[in-house]
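Student: Got a structure for you, start-v1.txt, holding compact mmCIF, C-alpha atoms.
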# COMPACT_ATOMS: atom_id res chain seq x y z
CA MET G 1 243.23 -110.13 105.40
CA GLN G 2 240.87 -112.32 103.38
CA GLN G 3 240.84 -111.50 99.69
CA GLN G 4 237.66 -110.30 98.00
CA ILE G 5 236.32 -111.36 94.64
CA LEU G 6 234.44 -108.74 92.67
CA THR G 7 231.90 -110.00 90.15
CA VAL G 8 230.83 -107.39 87.60
CA TRP G 9 228.16 -107.69 84.91
CA PHE G 10 228.35 -105.66 81.72
CA GLY G 11 225.77 -104.89 79.05
CA PRO G 12 226.27 -105.22 75.27
CA ASP G 13 227.81 -101.73 75.17
CA GLY G 14 230.47 -102.74 77.67
CA LYS G 15 229.07 -100.56 80.48
CA GLU G 16 228.69 -101.91 83.99
CA ILE G 17 225.11 -102.82 84.93
CA GLY G 18 225.74 -104.45 88.32
CA ARG G 19 228.29 -105.93 90.68
CA GLY G 20 228.65 -108.11 93.75
CA TYR G 21 231.43 -108.71 96.29
CA TRP G 22 232.37 -112.13 97.63
CA ARG G 23 234.85 -113.66 100.02
CA PHE G 24 236.83 -116.76 99.04
CA PRO G 25 235.89 -119.33 98.03
CA ALA G 26 234.44 -117.95 94.80
CA PRO G 27 230.66 -118.38 94.48
CA ASP G 28 229.41 -121.08 92.15
CA GLU G 29 227.28 -120.35 89.09
CA ASP G 30 224.02 -121.09 90.88
CA ILE G 31 224.75 -118.48 93.56
CA LEU G 32 225.85 -115.96 90.93
CA ALA G 33 222.70 -116.58 88.90
CA LYS G 34 220.51 -115.95 91.96
CA ASP G 35 222.48 -112.78 92.81
CA ARG G 36 222.18 -111.57 89.22
CA ALA G 37 218.44 -112.21 89.21
CA SER G 38 217.98 -110.33 92.52
CA LYS G 39 219.68 -107.31 90.92
CA GLY G 40 217.53 -107.47 87.80
CA ILE G 41 220.52 -108.23 85.57
CA PRO G 42 219.61 -110.10 82.36
CA ALA G 43 220.89 -113.65 81.93
CA ASP G 44 222.85 -112.72 78.79
CA ALA G 45 224.90 -110.04 80.59
CA LEU G 46 228.66 -110.46 80.33
CA GLN G 47 230.03 -111.67 83.66
CA TRP G 48 233.55 -110.67 84.70
CA GLN G 49 235.51 -111.21 87.93
CA THR G 50 238.60 -109.72 89.51
CA THR G 51 240.49 -109.64 92.80
CA ASP G 52 242.19 -106.35 91.94
CA GLN G 53 241.17 -104.08 94.82
CA GLU G 54 242.12 -100.93 92.94
CA VAL G 55 239.78 -101.84 90.10
CA GLY G 56 237.13 -102.85 92.62
CA ASN G 57 237.33 -99.42 94.21
CA LEU G 58 236.36 -97.69 90.95
CA PRO G 59 232.73 -96.54 91.20
CA ARG G 60 231.62 -97.74 87.75
CA LEU G 61 233.47 -99.83 85.22
CA MET G 62 233.56 -100.20 81.48
CA LEU G 63 234.93 -103.29 79.78
CA VAL G 64 236.90 -102.74 76.57
CA ASP G 65 238.68 -105.70 74.91
CA GLY G 66 238.53 -107.62 78.17
CA VAL G 67 240.11 -104.80 80.19
CA ALA G 68 237.99 -103.06 82.86
CA SER G 69 238.61 -99.43 83.71
CA LEU G 70 236.66 -96.45 84.94
CA ASP G 71 233.65 -95.67 82.76
CA PRO G 72 234.53 -92.28 81.20
CA ALA G 73 230.84 -91.29 81.25
CA TRP G 74 230.59 -91.72 85.02
CA GLN G 75 229.99 -88.55 87.01
CA PRO G 76 230.19 -88.40 90.79
CA PRO G 77 226.80 -87.91 92.43
CA ALA G 78 225.97 -84.44 93.68
CA PRO G 79 227.08 -84.04 97.29
CA PRO G 80 224.26 -84.12 99.84
CA PRO G 81 223.11 -80.70 100.99
CA ASP G 82 225.14 -79.30 103.83
CA PRO G 83 222.76 -79.19 106.83
CA LEU G 84 224.66 -76.23 108.25
CA ALA G 85 224.35 -74.36 104.96
CA ALA G 86 220.62 -75.14 104.85
CA LEU G 87 220.28 -73.90 108.43
CA ALA G 88 222.22 -70.75 107.58
CA GLU G 89 219.86 -70.11 104.67
CA GLU G 90 216.83 -70.56 106.96
CA VAL G 91 218.36 -68.12 109.42
CA ARG G 92 219.04 -65.65 106.59
CA LEU G 93 215.46 -65.86 105.32
CA GLY G 94 214.17 -65.59 108.88
CA ALA G 95 216.27 -62.50 109.46
CA GLN G 96 214.83 -60.93 106.30
CA ALA G 97 211.29 -61.68 107.48
CA VAL G 98 212.03 -60.23 110.91
CA ALA G 99 213.62 -57.16 109.36
CA ARG G 100 210.46 -56.51 107.39
CA ASN G 101 208.41 -56.60 110.60
CA ILE G 102 210.66 -54.62 112.91
CA ALA G 103 210.14 -50.88 112.99
CA ALA G 104 213.06 -49.45 111.06
CA SER G 105 212.59 -45.77 111.81
CA PRO G 106 211.04 -43.43 114.40
CA HIS G 107 208.16 -42.97 111.98
CA ASP G 108 207.48 -46.73 111.92
CA LYS G 109 207.78 -47.01 115.68
CA ARG G 110 205.38 -44.12 116.19
CA GLY G 111 202.84 -45.67 113.83
CA LEU G 112 202.98 -49.06 115.59
CA THR G 113 202.66 -47.41 118.99
CA ASP G 114 199.67 -45.39 117.81
CA LYS G 115 198.05 -48.57 116.50
CA ASP G 116 198.55 -50.44 119.78
CA ILE G 117 197.11 -47.55 121.80
CA GLY G 118 194.23 -47.26 119.34
CA LYS G 119 193.22 -50.88 120.00
CA LEU G 120 192.14 -49.73 123.47
CA ILE G 121 189.03 -48.24 121.86
CA ILE G 122 187.59 -51.74 121.33
CA PRO G 123 186.11 -52.19 124.85
CA LYS G 124 184.52 -48.75 124.55
CA ILE G 125 182.94 -49.69 121.22
CA LYS G 126 181.61 -52.91 122.75
CA ALA G 127 180.07 -50.88 125.55
CA ASN G 128 178.67 -48.30 123.10
CA PRO G 129 177.89 -49.92 119.70
CA GLY G 130 176.35 -46.66 118.53
CA MET G 131 179.73 -44.88 118.59
CA THR G 132 180.43 -43.03 115.35
CA VAL G 133 183.75 -42.85 113.53
CA ASP G 134 184.32 -39.29 114.73
CA GLU G 135 183.50 -40.20 118.34
CA ALA G 136 185.87 -43.16 118.21
CA LEU G 137 188.59 -41.05 116.62
CA ASP G 138 188.22 -38.37 119.33
CA GLU G 139 188.67 -41.05 121.99
CA ILE G 140 191.72 -42.55 120.25
CA VAL G 141 193.36 -39.15 119.79
CA GLU G 142 193.01 -38.42 123.51
CA MET G 143 194.49 -41.81 124.45
CA ILE G 144 197.45 -41.42 122.09
CA LEU G 145 198.25 -37.84 123.11
CA ALA G 146 198.02 -38.78 126.77
CA GLU G 147 200.93 -41.15 126.18
CA LEU G 148 202.71 -39.27 123.38
CA PRO G 149 201.94 -35.57 124.04
CA GLY G 150 202.66 -33.22 121.17
CA GLU G 151 203.48 -36.02 118.70
CA PRO G 152 201.74 -36.39 115.34
CA ILE G 153 199.37 -39.33 114.93
CA ILE G 154 200.26 -41.60 112.03
CA PRO G 155 197.48 -44.07 111.17
CA ALA G 156 193.99 -42.93 110.23
CA LEU G 157 191.00 -44.72 111.75
CA TRP G 158 188.51 -44.81 108.88
CA VAL G 159 188.57 -42.84 105.65
CA GLU G 160 186.69 -43.61 102.46
CA ARG G 161 186.58 -41.55 99.29
CA PRO G 162 185.96 -42.04 95.55
CA ARG G 163 188.98 -42.98 93.48
CA LYS G 164 190.05 -40.08 91.25
CA SER G 165 190.57 -42.22 88.14
CA ASN G 166 187.30 -44.10 88.71
CA PRO G 167 184.81 -42.20 90.87
CA ALA G 168 182.51 -45.26 91.01
CA GLU G 169 185.20 -47.10 93.02
CA THR G 170 185.53 -46.36 96.73
CA VAL G 171 189.00 -46.20 98.27
CA TYR G 172 189.26 -47.24 101.93
CA MET G 173 192.09 -46.00 104.13
CA GLY G 174 192.98 -46.47 107.77
CA LEU G 175 193.19 -49.17 110.40
CA GLY G 176 189.44 -49.80 110.52
CA PRO G 177 189.00 -50.85 106.86
CA SER G 178 192.22 -52.84 107.03
CA TYR G 179 191.04 -54.79 110.09
CA LEU G 180 187.61 -55.42 108.57
CA HIS G 181 189.14 -56.54 105.25
CA GLU G 182 191.40 -59.03 107.05
CA ALA G 183 188.51 -60.27 109.22
CA ILE G 184 186.46 -60.99 106.09
CA LYS G 185 189.45 -62.62 104.42
CA ARG G 186 190.03 -64.91 107.42
CA GLY G 187 186.38 -65.87 107.68
CA TYR G 188 185.69 -64.05 110.94
CA CYS G 189 182.59 -62.62 109.27
CA PRO G 190 180.62 -63.47 106.09
CA PRO G 191 182.33 -62.84 102.74
CA ASP G 192 179.54 -60.49 101.66
CA THR G 193 179.99 -58.22 104.70
CA PRO G 194 179.88 -54.61 103.45
CA MET G 195 182.97 -52.49 103.97
CA THR G 196 181.44 -50.04 106.45
CA TRP G 197 182.13 -48.68 109.89
CA ALA G 198 178.86 -50.26 111.02
CA SER G 199 180.12 -53.69 109.92
CA LEU G 200 183.29 -53.29 111.95
CA VAL G 201 181.36 -52.14 115.02
CA GLY G 202 178.91 -55.04 114.57
CA LEU G 203 181.78 -57.53 114.44
CA ILE G 204 183.32 -56.06 117.61
CA ALA G 205 179.98 -56.01 119.44
CA ALA G 206 179.18 -59.63 118.52
CA THR G 207 182.59 -61.11 119.35
CA PRO G 208 183.70 -62.07 122.89
CA GLU G 209 186.59 -60.03 124.22
CA LYS G 210 188.87 -63.07 124.58
CA GLN G 211 188.31 -63.92 120.92
CA ILE G 212 189.04 -60.35 119.87
CA ALA G 213 192.24 -60.40 121.92
CA ALA G 214 193.33 -63.59 120.15
CA TRP G 215 192.61 -62.04 116.75
CA LEU G 216 194.49 -58.86 117.58
CA ARG G 217 197.65 -60.79 118.38
CA SER G 218 197.96 -61.51 114.67
CA LEU G 219 196.42 -58.32 113.29
Take the structure in the file and write it out as structure tokens.
Tutor:
Amino acid sequence: MQQQILTVWFGPDGKEIGRGYWRFPAPDEDILAKDRASKGIPADALQWQTTDQEVGNLPRLMLVDGVASLDPAWQPPAPPPDPLAALAEEVRLGAQAVARNIAASPHDKRGLTDKDIGKLIIPKIKANPGMTVDEALDEIVEMILAELPGEPIIPALWVERPRKSNPAETVYMGLGPSYLHEAIKRGYCPPDTPMTWASLVGLIAATPEKQIAAWLRSL
């Protein structure tokens, strides 16, 4: 096996600032100067050479009284992130997100089912834009009870009332205000759209059914 020559350059404090490996024959000074310049090592750096493979295997050297040994200040670099660990963390976070979106109780399941059935009122509103909240609610109740007879209905359709602590502020409750709020937030309708049943009906009436179906997949 051909022997290697290790050339190491040290700064004034004796700490390694660069190195290069060579096969025999040893490089001449011109080659070493070019190598040093390519590494950005100053011309006045102390140059030291060895063929001791054990010393050459040390990650960073320090020269004290002409003897090179491991620099005591050297710390091994942090290991690269484990791709499997990173994947496991993504899976864990994904599982948490899924858990927050999966119905966790009969109450949750009933509410989601009611909401999905209630969406069937949309074609009827498009066909009858003059439908009132009470008329729409009557229709939704009949549709839900036809599928879930005798069960309580969880989500409200549209409720608004003054806030007790601040009567000048209106509190909106139910699926209707929530849908309209999200539609405004996403830019489906102008930002100054008033929070009213008429605004929601107007949005439904003015939007093609295919577009509404696409919106509902994420609402």
Student: Using atom CA of G:Gln4 and atom CA of G:Ala26 as the two end points, give the distance in Å to one decimal.
Tutor: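 Going from atom CA of G:Gln4 over to atom CA of G:Ala26, I get 8.9 Å.
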Student: Got a sec: who's within 8 Å of G:Gly111, counting only C-alpha atoms, leaving out chain neighbours fewer than 5 positions off, as number ranges by chain?
Tutor: G: 153-155
Student: So how far away is atom CA of G:Gly66 from atom CA of G:Val8, in Å?
Tutor: 12.2 Å
Student: Scan for residues within 12 Å of the point (183.5, -62.5, 108.5) in the coordinates of the file, using all atoms listed in the file, and reply as a list in words.
Tutor: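 The requested residues, written out, are Tyr179, Leu180, His181, Glu182, Ala183, Ile184, Lys185, Arg186, Gly187, Tyr188, Cys189, Pro190, Pro191, Asp192, Thr193, Pro194, Met195, Ser199, Leu200, Gly202, Leu203, Ile204, Ala206 and Thr207 of chain G.
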Student: Can you find the residues with an atom no farther than 8 Å from (234.5, -113.5, 86.9), counting all atoms listed in the file, and report them as a list in words?
Tutor: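 The distance filter leaves exactly Leu6, Thr7, Val8, Gln47, Trp48, Gln49 and Thr50 of chain G.
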Student: May I have the selected residues written with C-alpha atoms, as a compact mmCIF listing (two decimals), in the frame of the given file?
Tutor:
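So result.txt came out as:
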# COMPACT_ATOMS: atom_id res chain seq x y z
CA LEU G 6 234.44 -108.74 92.67
CA THR G 7 231.90 -110.00 90.15
CA VAL G 8 230.83 -107.39 87.60
CA GLN G 47 230.03 -111.67 83.66
CA TRP G 48 233.55 -110.67 84.70
CA GLN G 49 235.51 -111.21 87.93
CA THR G 50 238.60 -109.72 89.51
Student: As an MDAnalysis selection string, please: the residues near G:Leu137 (cut-off 12 Å, all atoms listed in the file, same-chain neighbours under 2 positions excluded).
Tutor: chainID G and resid 114 117:122 124:125 131:135 139:144 153 155:159 174:176
Student: I'd like to know which of G:Gln211, G:Asp35, G:Lys15, G:His107 is closest to G:Ser69, using all atoms listed in the file.
Tutor: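 For G:Ser69, the nearest of the candidates is G:Lys15.
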Student: What's the 10 Å shell around G:Pro59, counting only C-alpha atoms, without same-chain residues fewer than 2 positions away, as a VMD selection string?
Tutor: chain G and resid 16 55 to 57 61 69 to 71 74 to 76
Student: Please produce a file of the residues just selected, as a JSON list (two decimals), in the frame of the given file, where the atoms kept are C-alpha atoms.
Tutor:
[["chain", "number", "residue", "atom", "x", "y", "z"],
["G", 16, "GLU", "CA", 228.69, -101.91, 83.99],
["G", 55, "VAL", "CA", 239.78, -101.84, 90.10],
["G", 56, "GLY", "CA", 237.13, -102.85, 92.62],
["G", 57, "ASN", "CA", 237.33, -99.42, 94.21],
["G", 61, "LEU", "CA", 233.47, -99.83, 85.22],
["G", 69, "SER", "CA", 238.61, -99.43, 83.71],
["G", 70, "LEU", "CA", 236.66, -96.45, 84.94],
["G", 71, "ASP", "CA", 233.65, -95.67, 82.76],
["G", 74, "TRP", "CA", 230.59, -91.72, 85.02],
["G", 75, "GLN", "CA", 229.99, -88.55, 87.01],
["G", 76, "PRO", "CA", 230.19, -88.40, 90.79]]
Student: Just to confirm, what's the straight-line distance from atom CA of G:Ala73 to atom CA of G:Ile17 in Å (one decimal)?
Tutor: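 Between atom CA of G:Ala73 and atom CA of G:Ile17 the gap works out to 13.4 Å.
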Student: May I have the residues within 10 Å of G:Asp13 as a PyMOL selection string, using all atoms listed in the file and disregarding those fewer than 5 positions away in the same chain?
Tutor: chain G and resi 62-64
Student: I want to know what sits within 12 Å of G:Lys39, based on only C-alpha atoms, with residues of the same chain fewer than 2 positions away left out; could you give that as a list in words?
Tutor: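 The residues that qualify are Val8, Trp9, Ile17, Gly18, Arg19, Gly20, Leu32, Ala33, Lys34, Asp35, Arg36, Ala37, Ile41, Pro42, Ala43 and Ala45 of chain G.
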Student: Using all atoms listed in the file, which of the listed residues (G:Gly150, G:Ile5, G:Glu89, G:Arg161) sits closest to G:Pro27?
Tutor: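 Among G:Gly150, G:Ile5, G:Glu89, G:Arg161, it is G:Ile5 that comes nearest to G:Pro27.
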